[in-house]
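Here's the structure, in structure tokens; my notes come after.
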Amino acid sequence: MSGKRTRNLETITCRAPVNIAVVKYWGKRDEKLILPINSSISATLHVDQMCTTTTVAASRDFCKDRIWLNGREESMDNPRLQTVLRKVKERASNKSELKDCHIHVCSENNFPTAAGLASSAAGYACLVSALTKLFNVQGNVTDIARLGSGSACRSLDGGFVEWTMGEKDSGEDSTGKQIVTEDHWPEMRIIILVVSGKKKAIGSSKGMLRSTQTSPFLKHRADKVVPDNMKKMQAAIKSKDFPAFAEVTMKESNQLHSVCQDTYPPISYMNDTSWSIVRLVHAYNEYKGQIKVAYTFDAGPNAVLYLLKESVSEVLAFINHVFPPPNNQEKHLYFKGLPSESNHEVTKATLNSVLSMEPQQNAVKYIIHTKVGPGAQEITNEDASLLDENGLPKSMKS
Ligand code: DP6
């Protein structure tokens with residue numbers, strides 16, 4: 001094990017990425033084991049722009065398990081957290097003398113948790129990465145991440161990742177598997193429009209349970225639509241066929257939100273701004289005469305756009321026209337991540353005729369520009385540890 005060891009304390013620090021699905025997971029066939037009713041595919045977003053960092057420590061001197069999330073101590077009394085911890089210890093190598101120790105966990109996101117940007121996927125992937133290294137668990141551990149949050153099993157690998165639904169009741173074959181590495185399609189870019197809005201009314205776990213119980217369309221989707229979309233998406237990714245990739249991505253997003261409408265009582269995650277972004281994307285693609293950009297929405301109003309590097313500048317000009325930065329907002333606070341300067345000359349007349357949409361100031365809070373990146377990794381740099389030599393958070397709000 002490469003973690004840091006002092007006399008009484010063993011620590012590991014890991015970093016894990018967010019993933020955004022292009023074939024969506026929505027609905028479980030087993031709530032406890034978090035087994036999905038269909039397979040799904042996602043892209044892993046680059047950790048430089050969005051990631052979770054987690055340090056875990058084990059020591060005979062700790063008198064109980066403790067966890068700090070984004071600077072605040074939280075209860076360990078969370079069934080999913082407990083299941084993950086139990087599973088890791090069950091699979092720990094017999095040699096691991098740490099199995100009887102209590103642990104301390106400290107975890108931080110480099111992006112706002114409340115923004116609803118798949119933070120549980122990065123969070124559980126990071127926790128499982130760190131714990132399995134600490135306890136020396138060998139082999140594929142994506143099924144343990146899945147027990148924390150289904151989509152977390154797609155955040156351990158980089159590039160594009162498939163979560164195979166599996167067939168076994170035990171869930172051992174319901175795992176994440178890399179389709180291609182992050183170097184496969186280097187031109188792929190992701191632009192996230194963080195949309196202003198209240199905290200989501202209903203979280204994804206509750207939402208998909210309600211859909212599973214009440215939506216006949218959900219079953220049709222899982223049986224008849226997703227298997228075909230999985231094949232199309234795998235082929236589009238492997239052959240780097242952007243129009244095919246983009247079309248399935250948008251149809252998958254639309255279908256997820258149609259299932260939410262078919263749920264009883266219905267659930268709506270997208271708001272008016274989300275729908276304006278859908279209109280903008282289709283208007284742009286029509287103007288270009290081919291699909292150049294795709295949108296996708298999860299359990300919230302934020303839009304995630306997939307596009308190729310060559311389109312970024314022009315697409316940003318269109319986005320800027322409809323969603324200009326708030327008047328007094330500094331540019332670097334509105335555009336985060338990779339350079340997002342739009343130097344594309346698009347005339348006002350073109351923007352007006354293509355979009356016929358009024359500017360909506362303040363509808364988008366900020367924009368993150370990122371790309372596909374690597375999976376969860378250990379960080380060996382000593383300064384990266386979030387816990388001090390006593391196993392307490394180096395920085396704590398309260
Ligand atoms: C809409 O993985 O958050 O983002 O397994 O209950 O923790 P639980 O749900 P979660 O669901 C994510 C759903 C989604 C689509 C997706 O990521 O595939």
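Labeling convention for the structure tokens: chains A, B, ... as they appear, residues from 1 per chain, ligands from 1 in order of appearance.
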
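Restricting the atom set to only C-alpha atoms and all ligand atoms, one finds that the residues within 6 Å of ligand 1 amount to Ile20, Ala21, Lys24, Tyr25, Trp26, Ile34, Ser149, Gly150, Ser151, Ser204, Ser205, Asp298 and Ala299 of chain A.
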
Item checked: Residue contacts of range 368-377 of chain A (6 Å, only C-alpha atoms) excluding same-chain residues fewer than 3 positions away, as a PyMOL selection string -> chain A and resi 14-16+44-46+156-159+182+189-192+336-338

Note to self: What parts of range 74-157 of chain A does DSSP call strand (DSSP E or B)? I'd like the answer as a list of chain:residue names.
What the structure shows: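 Listing strand (DSSP E or B) positions across range 74-157 of chain A yields A:Glu74, A:His102, A:Ile103, A:His104, A:Val105, A:Cys106, A:Ser107, A:Glu108, A:Asn109.
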
Using the selection just defined, write its residues with all heavy atoms as a tab-separated table (two decimals), in the first residue's frame.
```tsv
chain	number	residue	atom	x	y	z
A	74	GLU	N	-20.70	15.11	9.86
A	74	GLU	CA	-22.03	14.52	9.60
A	74	GLU	C	-22.10	13.20	10.34
A	74	GLU	O	-21.09	12.64	10.75
A	74	GLU	CB	-22.22	14.27	8.10
A	74	GLU	CG	-21.99	15.46	7.20
A	74	GLU	CD	-23.21	16.38	7.09
A	74	GLU	OE1	-24.29	15.97	7.54
A	74	GLU	OE2	-23.04	17.50	6.56
A	102	HIS	N	-11.14	1.96	14.05
A	102	HIS	CA	-12.14	2.93	13.60
A	102	HIS	C	-11.51	3.81	12.52
A	102	HIS	O	-10.28	3.92	12.44
A	102	HIS	CB	-12.61	3.79	14.78
A	102	HIS	CG	-13.54	3.05	15.67
A	102	HIS	ND1	-14.78	2.64	15.28
A	102	HIS	CD2	-13.39	2.62	16.95
A	102	HIS	CE1	-15.38	2.01	16.26
A	102	HIS	NE2	-14.56	1.96	17.31
A	103	ILE	N	-12.38	4.44	11.73
A	103	ILE	CA	-11.85	5.29	10.65
A	103	ILE	C	-12.35	6.73	10.78
A	103	ILE	O	-13.41	6.98	11.38
A	103	ILE	CB	-12.25	4.76	9.25
A	103	ILE	CG1	-13.79	4.65	9.13
A	103	ILE	CG2	-11.60	3.45	8.94
A	103	ILE	CD1	-14.25	4.71	7.70
A	104	HIS	N	-11.60	7.64	10.22
A	104	HIS	CA	-12.04	9.02	10.03
A	104	HIS	C	-12.05	9.29	8.52
A	104	HIS	O	-11.13	8.86	7.81
A	104	HIS	CB	-11.08	10.01	10.70
A	104	HIS	CG	-11.24	10.08	12.19
A	104	HIS	ND1	-10.55	10.97	12.97
A	104	HIS	CD2	-12.03	9.38	13.04
A	104	HIS	CE1	-10.90	10.81	14.23
A	104	HIS	NE2	-11.80	9.84	14.31
A	105	VAL	N	-13.11	9.98	8.06
A	105	VAL	CA	-13.24	10.30	6.63
A	105	VAL	C	-13.43	11.80	6.50
A	105	VAL	O	-14.24	12.40	7.22
A	105	VAL	CB	-14.49	9.60	6.03
A	105	VAL	CG1	-14.64	9.96	4.55
A	105	VAL	CG2	-14.43	8.09	6.21
A	106	CYS	N	-12.69	12.41	5.59
A	106	CYS	CA	-12.91	13.84	5.33
A	106	CYS	C	-13.00	14.03	3.81
A	106	CYS	O	-12.14	13.56	3.08
A	106	CYS	CB	-11.73	14.63	5.90
A	106	CYS	SG	-11.99	16.40	5.81
A	107	SER	N	-14.07	14.68	3.36
A	107	SER	CA	-14.32	14.75	1.93
A	107	SER	C	-14.73	16.17	1.53
A	107	SER	O	-15.50	16.83	2.24
A	107	SER	CB	-15.45	13.76	1.62
A	107	SER	OG	-15.58	13.61	0.24
A	108	GLU	N	-14.20	16.62	0.40
A	108	GLU	CA	-14.55	17.97	-0.08
A	108	GLU	C	-14.76	17.97	-1.59
A	108	GLU	O	-14.03	17.29	-2.31
A	108	GLU	CB	-13.40	18.95	0.23
A	108	GLU	CG	-13.45	19.46	1.64
A	108	GLU	CD	-12.22	20.27	2.02
A	108	GLU	OE1	-11.44	20.66	1.12
A	108	GLU	OE2	-12.06	20.50	3.23
A	109	ASN	N	-15.73	18.75	-2.04
A	109	ASN	CA	-15.94	18.94	-3.48
A	109	ASN	C	-15.31	20.26	-3.89
A	109	ASN	O	-15.35	21.21	-3.12
A	109	ASN	CB	-17.44	19.02	-3.81
A	109	ASN	CG	-18.15	17.72	-3.53
A	109	ASN	OD1	-17.53	16.66	-3.56
A	109	ASN	ND2	-19.43	17.79	-3.26
```

Next item on the list: Enumerate as number ranges by chain all residues of range 238-351 of chain A assigned to helix (DSSP H, G or I) by DSSP on the backbone, naming them with the chain letters and numbers the document uses.
Entry: A: 238, 242-262, 272-288, 309-322, 331-334, 348-351

Margin query: To one decimal place in Å, what is the distance between CA of Thr11 in chain A and CA of Gln49 in chain A?
Written below: 24.9 Å

Next item on the list: Just the residues within 12 Å of Ile67 in chain A, please, counting only C-alpha atoms, with nothing from its chain fewer than 5 positions along; format it as a PyMOL selection string.
Entry: chain A and resi 54-57+72-78+81-82+102-108+127+386-387+391-393+396

File of the preceding selection, N, CA, C and O atoms, as an mmCIF file, in the first residue's frame:
```cif
data_model
loop_
_atom_site.group_PDB
_atom_site.id
_atom_site.type_symbol
_atom_site.label_atom_id
_atom_site.label_comp_id
_atom_site.auth_asym_id
_atom_site.auth_seq_id
_atom_site.Cartn_x
_atom_site.Cartn_y
_atom_site.Cartn_z
ATOM 1 N N THR A 54 -11.056 12.972 -1.091
ATOM 2 C CA THR A 54 -11.401 12.316 0.177
ATOM 3 C C THR A 54 -10.147 11.735 0.817
ATOM 4 O O THR A 54 -9.357 11.063 0.143
ATOM 5 N N THR A 55 -9.971 12.010 2.104
ATOM 6 C CA THR A 55 -8.910 11.347 2.864
ATOM 7 C C THR A 55 -9.571 10.414 3.864
ATOM 8 O O THR A 55 -10.534 10.809 4.540
ATOM 9 N N VAL A 56 -9.075 9.176 3.935
ATOM 10 C CA VAL A 56 -9.553 8.253 4.977
ATOM 11 C C VAL A 56 -8.356 7.886 5.847
ATOM 12 O O VAL A 56 -7.229 7.768 5.352
ATOM 13 N N ALA A 57 -8.619 7.742 7.122
ATOM 14 C CA ALA A 57 -7.553 7.370 8.050
ATOM 15 C C ALA A 57 -8.063 6.287 8.970
ATOM 16 O O ALA A 57 -9.247 6.279 9.337
ATOM 17 N N ARG A 72 -18.043 20.090 7.428
ATOM 18 C CA ARG A 72 -18.970 19.871 8.542
ATOM 19 C C ARG A 72 -19.002 18.409 8.936
ATOM 20 O O ARG A 72 -19.044 17.540 8.063
ATOM 21 N N GLU A 73 -19.029 18.170 10.236
ATOM 22 C CA GLU A 73 -19.135 16.772 10.670
ATOM 23 C C GLU A 73 -20.568 16.291 10.448
ATOM 24 O O GLU A 73 -21.530 17.000 10.747
ATOM 25 N N GLU A 74 -20.704 15.111 9.860
ATOM 26 C CA GLU A 74 -22.025 14.523 9.603
ATOM 27 C C GLU A 74 -22.102 13.197 10.341
ATOM 28 O O GLU A 74 -21.086 12.637 10.752
ATOM 29 N N SER A 75 -23.336 12.673 10.415
ATOM 30 C CA SER A 75 -23.510 11.400 11.113
ATOM 31 C C SER A 75 -23.025 10.242 10.232
ATOM 32 O O SER A 75 -23.237 10.241 9.021
ATOM 33 N N MET A 76 -22.409 9.258 10.859
ATOM 34 C CA MET A 76 -22.016 8.030 10.131
ATOM 35 C C MET A 76 -23.213 7.095 10.006
ATOM 36 O O MET A 76 -23.137 6.049 9.371
ATOM 37 N N ASP A 77 -24.291 7.494 10.665
ATOM 38 C CA ASP A 77 -25.461 6.637 10.760
ATOM 39 C C ASP A 77 -26.300 6.741 9.476
ATOM 40 O O ASP A 77 -27.462 7.150 9.517
ATOM 41 N N ASN A 78 -25.703 6.393 8.370
ATOM 42 C CA ASN A 78 -26.372 6.495 7.073
ATOM 43 C C ASN A 78 -26.288 5.087 6.462
ATOM 44 O O ASN A 78 -25.200 4.543 6.306
ATOM 45 N N LEU A 81 -23.816 4.458 3.607
ATOM 46 C CA LEU A 81 -22.429 4.605 4.064
ATOM 47 C C LEU A 81 -22.003 3.353 4.839
ATOM 48 O O LEU A 81 -20.912 2.805 4.642
ATOM 49 N N GLN A 82 -22.898 2.889 5.704
ATOM 50 C CA GLN A 82 -22.601 1.706 6.515
ATOM 51 C C GLN A 82 -22.429 0.470 5.639
ATOM 52 O O GLN A 82 -21.551 -0.353 5.883
ATOM 53 N N HIS A 102 -11.144 1.964 14.049
ATOM 54 C CA HIS A 102 -12.144 2.927 13.597
ATOM 55 C C HIS A 102 -11.508 3.811 12.523
ATOM 56 O O HIS A 102 -10.284 3.920 12.437
ATOM 57 N N ILE A 103 -12.383 4.443 11.732
ATOM 58 C CA ILE A 103 -11.853 5.290 10.648
ATOM 59 C C ILE A 103 -12.354 6.732 10.781
ATOM 60 O O ILE A 103 -13.409 6.982 11.385
ATOM 61 N N HIS A 104 -11.600 7.641 10.217
ATOM 62 C CA HIS A 104 -12.038 9.025 10.028
ATOM 63 C C HIS A 104 -12.054 9.289 8.519
ATOM 64 O O HIS A 104 -11.133 8.863 7.814
ATOM 65 N N VAL A 105 -13.106 9.982 8.056
ATOM 66 C CA VAL A 105 -13.237 10.298 6.632
ATOM 67 C C VAL A 105 -13.432 11.801 6.495
ATOM 68 O O VAL A 105 -14.238 12.399 7.220
ATOM 69 N N CYS A 106 -12.694 12.414 5.589
ATOM 70 C CA CYS A 106 -12.909 13.842 5.334
ATOM 71 C C CYS A 106 -13.002 14.026 3.815
ATOM 72 O O CYS A 106 -12.136 13.557 3.079
ATOM 73 N N SER A 107 -14.067 14.683 3.365
ATOM 74 C CA SER A 107 -14.323 14.754 1.932
ATOM 75 C C SER A 107 -14.731 16.166 1.529
ATOM 76 O O SER A 107 -15.496 16.826 2.239
ATOM 77 N N GLU A 108 -14.202 16.621 0.404
ATOM 78 C CA GLU A 108 -14.547 17.975 -0.084
ATOM 79 C C GLU A 108 -14.758 17.967 -1.588
ATOM 80 O O GLU A 108 -14.029 17.286 -2.310
ATOM 81 N N LEU A 127 -14.830 7.808 -1.991
ATOM 82 C CA LEU A 127 -14.791 7.103 -0.702
ATOM 83 C C LEU A 127 -14.368 5.645 -0.917
ATOM 84 O O LEU A 127 -13.499 5.125 -0.204
ATOM 85 N N LEU A 386 -6.480 15.687 3.637
ATOM 86 C CA LEU A 386 -7.423 16.619 4.278
ATOM 87 C C LEU A 386 -7.425 16.443 5.790
ATOM 88 O O LEU A 386 -8.076 17.201 6.506
ATOM 89 N N LEU A 387 -6.709 15.403 6.264
ATOM 90 C CA LEU A 387 -6.659 15.160 7.717
ATOM 91 C C LEU A 387 -5.247 15.447 8.247
ATOM 92 O O LEU A 387 -4.253 15.181 7.550
ATOM 93 N N GLY A 391 -5.508 12.951 12.696
ATOM 94 C CA GLY A 391 -6.679 12.388 12.022
ATOM 95 C C GLY A 391 -7.880 13.314 12.086
ATOM 96 O O GLY A 391 -9.025 12.881 11.943
ATOM 97 N N LEU A 392 -7.630 14.622 12.272
ATOM 98 C CA LEU A 392 -8.732 15.602 12.293
ATOM 99 C C LEU A 392 -8.630 16.510 11.077
ATOM 100 O O LEU A 392 -7.522 16.741 10.558
ATOM 101 N N PRO A 393 -9.768 17.040 10.601
ATOM 102 C CA PRO A 393 -9.736 17.872 9.386
ATOM 103 C C PRO A 393 -8.815 19.066 9.543
ATOM 104 O O PRO A 393 -8.827 19.736 10.573
ATOM 105 N N MET A 396 -11.870 23.290 9.058
ATOM 106 C CA MET A 396 -13.216 22.932 9.493
ATOM 107 C C MET A 396 -14.016 24.194 9.734
ATOM 108 O O MET A 396 -13.514 25.123 10.365
#
```

Notebook entry, point to check: Got a sec: who's within 8 Å of range 168-174 of chain A, counting only C-alpha atoms, leaving out chain neighbours fewer than 3 positions off, as an MDAnalysis selection string?
Noted result: chainID A and resid 33 35 143 163:165

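In this structure, CA of Cys63 in chain A sits 21.2 Å away from CA of Thr132 in chain A.
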
Check: Suppose you want the space between CA of Asn271 in chain A and CA of Tyr124 in chain A; what is it in Å?
Finding: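 Computed distance, CA of Asn271 in chain A to CA of Tyr124 in chain A, equals 28.0 Å.
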
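Near Pro36 in chain A, within 6 Å and counting only C-alpha atoms, sit Gly27, Lys28, Arg29 and Met165 of chain A, not including residues fewer than 6 positions from it in the same chain.
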
Let's have the selection written as a compact mmCIF listing (two decimals), in the first residue's frame, with C-alpha atoms.
```txt
# COMPACT_ATOMS: atom_id res chain seq x y z
CA GLY A 27 -35.20 2.98 -11.89
CA LYS A 28 -34.03 0.10 -9.69
CA ARG A 29 -35.00 -3.55 -9.70
CA MET A 165 -27.17 -3.85 -15.36
```

Next item on the list: Kindly indicate which residue among A:Thr142, A:Ser353, A:Thr249, A:Gln361 lies nearest to Phe323 in chain A, using only C-alpha atoms for the distances.
Entry: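 Smallest separation from Phe323 in chain A among the options: A:Gln361.
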
Margin query: I need the residue nearest Lys177 in chain A from this list: A:Glu10, A:Glu382, A:Glu162, A:Glu314. Use only C-alpha atoms for the distance.
Written below: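 Answer, going by the shortest atom-to-atom distance: A:Glu162.
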
Check: Of the candidates A:Val225, A:Val354, A:Leu209, A:Leu307, which one gets nearest to Tyr284 in chain A if we count only C-alpha atoms?
Finding: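 So, comparing all the options, the nearest one is A:Val354.
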
Notebook entry, point to check: If you count only C-alpha atoms, which residues fall within 7 Å of Phe245 in chain A, apart from same-chain ones fewer than 6 positions away, as a list in words?
Noted result: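 Returned residues: Met233, Ala236 and Ile237 of chain A.
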
So that I have them on file, write out the residues from the current selection with all heavy atoms, as a compact mmCIF listing (two decimals), in the first residue's frame.
```txt
# COMPACT_ATOMS: atom_id res chain seq x y z
N MET A 233 -25.06 3.85 -28.84
CA MET A 233 -24.13 4.73 -28.13
C MET A 233 -22.72 4.13 -28.09
O MET A 233 -21.74 4.83 -28.33
CB MET A 233 -24.65 4.99 -26.70
CG MET A 233 -23.85 5.98 -25.91
SD MET A 233 -23.58 7.58 -26.75
CE MET A 233 -25.04 8.47 -26.32
N ALA A 236 -21.28 4.65 -31.49
CA ALA A 236 -20.98 6.06 -31.77
C ALA A 236 -19.71 6.49 -31.04
O ALA A 236 -18.88 7.22 -31.60
CB ALA A 236 -22.16 6.94 -31.34
N ILE A 237 -19.55 6.04 -29.81
CA ILE A 237 -18.35 6.41 -29.04
C ILE A 237 -17.11 5.78 -29.67
O ILE A 237 -16.10 6.44 -29.91
CB ILE A 237 -18.50 6.01 -27.55
CG1 ILE A 237 -19.56 6.88 -26.87
CG2 ILE A 237 -17.16 6.11 -26.80
CD1 ILE A 237 -19.98 6.41 -25.49
```

Next item on the list: Could you give me, as a list in words, the residues within 6 Å of range 339-349 of chain A, counting only C-alpha atoms and dropping anything in the same chain fewer than 2 positions from it?
Entry: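 Result of the neighbour search: Ser313, Glu314, Leu316, Ala317, Leu351 and Asn352 of chain A.
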
Restricted to N, CA and C atoms, what would the selected residues look like written as a PDB file, in the first residue's frame?
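The file below, again-v2.pdb, is the result:
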```
ATOM      1  N   SER A 313     -16.390  27.860 -29.479  1.00  0.00           N
ATOM      2  CA  SER A 313     -16.414  29.313 -29.563  1.00  0.00           C
ATOM      3  C   SER A 313     -17.751  29.821 -30.131  1.00  0.00           C
ATOM      4  N   GLU A 314     -18.217  29.192 -31.212  1.00  0.00           N
ATOM      5  CA  GLU A 314     -19.464  29.659 -31.819  1.00  0.00           C
ATOM      6  C   GLU A 314     -20.668  29.368 -30.911  1.00  0.00           C
ATOM      7  N   LEU A 316     -20.654  29.217 -27.748  1.00  0.00           N
ATOM      8  CA  LEU A 316     -20.633  30.184 -26.641  1.00  0.00           C
ATOM      9  C   LEU A 316     -21.194  31.539 -27.071  1.00  0.00           C
ATOM     10  N   ALA A 317     -20.976  31.910 -28.338  1.00  0.00           N
ATOM     11  CA  ALA A 317     -21.537  33.176 -28.829  1.00  0.00           C
ATOM     12  C   ALA A 317     -23.066  33.114 -28.774  1.00  0.00           C
ATOM     13  N   LEU A 351     -27.834  36.022 -35.025  1.00  0.00           N
ATOM     14  CA  LEU A 351     -28.274  35.506 -33.712  1.00  0.00           C
ATOM     15  C   LEU A 351     -29.780  35.682 -33.561  1.00  0.00           C
ATOM     16  N   ASN A 352     -30.260  36.873 -33.927  1.00  0.00           N
ATOM     17  CA  ASN A 352     -31.694  37.144 -33.777  1.00  0.00           C
ATOM     18  C   ASN A 352     -32.532  36.251 -34.674  1.00  0.00           C
TER      19      ASN A 352
END
```
